[in-house]
Amino acid sequence: MTIMSEAPVTGGSYRQPIVASAIELTVRSGWSSVTMSKLAEIVGVSRQTVYNELGSKTQLAEAMISHELARFLSVVRDAFERHPEDLVEAIHDAVRGVLELADDNLLLRAIVSATHGADTELLPLLTVRAGSLLSEATIMLRGRVRAYDPPLDGEHLDVAIDVVVRTVLSHIMQPSDTPARTADALAWMASRVLGATTSRSLRHPTPD
């Protein structure tokens with residue numbers, strides 16, 4: 001199971017270990033157990049150092065979410081770089097990679113559990129940067145997709161990308177199928193909406 005990786009965190013030399021410790025503590029004991037004093041003890045620095053690096057608990061939450069977002073966006077970038085000539089394959093691999101990462105992400109699981117009443121203290125992690133996170137993901141994907149010169153004008157392309165991003169987010173929060181079959185379905189839809197030619201078919205059809 002994955003808690004976090006070596007996704008870069010900007011800031012001072014203690015910022016990365018503080019964010020890492022906050023994620024691990026949240027997964028283990030819940031967001032309500034995370035305090036600047038406890039993080040200082042875990043990392044082996046002063047409480048003031050934690051405040052200097054992160055500012056406040058709200059800013060710590062933002063740093064944790066930014067860290068995880070960087071991991072997901074890295075999966076998307078890698079998928080597009082593997083398929084520079086095939087937009088549909090790139091979308092398929094990006095969707096599948098993101099959903100598989102989400103399925104194995106302990107922090108994300110803890111946050112999703114909060115929506116079901118497991119730990120309401122985790123709910124701020126969902127709302128602190130929800131709008132900006134959606135914008136960041138959409139902007140990055142827009143730039144990648146436009147490089148394939150799809151036969152849609154800018155406005156319609158933005159609509160299509162928004163639909164894909166929001167659909168993937170909904171499957172992250174409440175999956176209704178396997179990552180493989182969900183990726184197949186979204187890649188098929190994208191090929192129709194974006195007018196992209198592809199030889200792919202549903203590799204993982206839903207069982208009868």
# chains A, B, ... in the order shown; residues from 1 in each chain; ligands from 1
>>> residues_around(residues="A:Arg47", least_positions_apart="3", cutoff="9 Å", atoms="only C-alpha atoms", output="list of chain:residue names")
A:Met36, A:Ser37, A:Lys38, A:Leu39, A:Ala40, A:Glu41, A:Val50, A:Tyr51, A:Asn52
>>> write_last_selection(atoms="N, CA, C and O atoms", output="CSV table (one decimal), in the first residue's frame")
chain,number,residue,atom,x,y,z
A,36,MET,N,1.4,20.4,15.4
A,36,MET,CA,2.7,20.9,15.1
A,36,MET,C,3.7,20.4,16.1
A,36,MET,O,4.9,20.0,15.7
A,37,SER,N,3.3,20.2,17.3
A,37,SER,CA,4.2,19.7,18.4
A,37,SER,C,4.6,18.3,18.1
A,37,SER,O,5.7,17.9,18.2
A,38,LYS,N,3.6,17.5,17.7
A,38,LYS,CA,3.8,16.1,17.5
A,38,LYS,C,4.7,15.9,16.2
A,38,LYS,O,5.6,15.0,16.2
A,39,LEU,N,4.5,16.7,15.2
A,39,LEU,CA,5.3,16.6,14.0
A,39,LEU,C,6.8,17.0,14.3
A,39,LEU,O,7.7,16.4,13.8
A,40,ALA,N,6.9,18.0,15.2
A,40,ALA,CA,8.3,18.4,15.6
A,40,ALA,C,9.0,17.3,16.3
A,40,ALA,O,10.2,17.1,16.1
A,41,GLU,N,8.3,16.6,17.2
A,41,GLU,CA,8.9,15.5,17.9
A,41,GLU,C,9.2,14.4,16.9
A,41,GLU,O,10.3,13.8,17.1
A,50,VAL,N,8.7,23.8,12.5
A,50,VAL,CA,7.5,23.3,11.8
A,50,VAL,C,6.7,24.4,11.3
A,50,VAL,O,6.2,24.5,10.2
A,51,TYR,N,6.5,25.4,12.2
A,51,TYR,CA,5.7,26.6,11.8
A,51,TYR,C,6.4,27.4,10.7
A,51,TYR,O,5.8,27.9,9.8
A,52,ASN,N,7.7,27.5,10.8
A,52,ASN,CA,8.5,28.2,9.8
A,52,ASN,C,8.3,27.6,8.4
A,52,ASN,O,8.3,28.3,7.4
>>> closest_residue(among="A:Arg15, A:Arg181, A:Arg82, A:Arg142", to="A:Ala94", atoms="only C-alpha atoms")
A:Arg82
>>> closest_residue(among="A:Ala185, A:Ala22, A:Thr178, A:Ser13", to="A:Glu62", atoms="only C-alpha atoms")
A:Ala22
>>> closest_residue(among="A:Ile65, A:Ala183, A:Ala190, A:Ala90", to="A:Val163", atoms="only C-alpha atoms")
A:Ala190
>>> closest_residue(among="A:Thr138, A:Ser132, A:Leu152, A:Ala147", to="A:Val164", atoms="only C-alpha atoms")
A:Thr138
>>> atom_distance(atom1="atom CA of A:Glu85", atom2="atom CA of A:Val168")
22.7 Å
>>> select_by_dssp(residues="stretch 23-183 of chain A", states="alpha helix (DSSP H)", output="PyMOL selection string")
chain A and resi 23-29+36-43+47-54+57-82+87-103+106-115+124-127+130-146+154-173+179-183
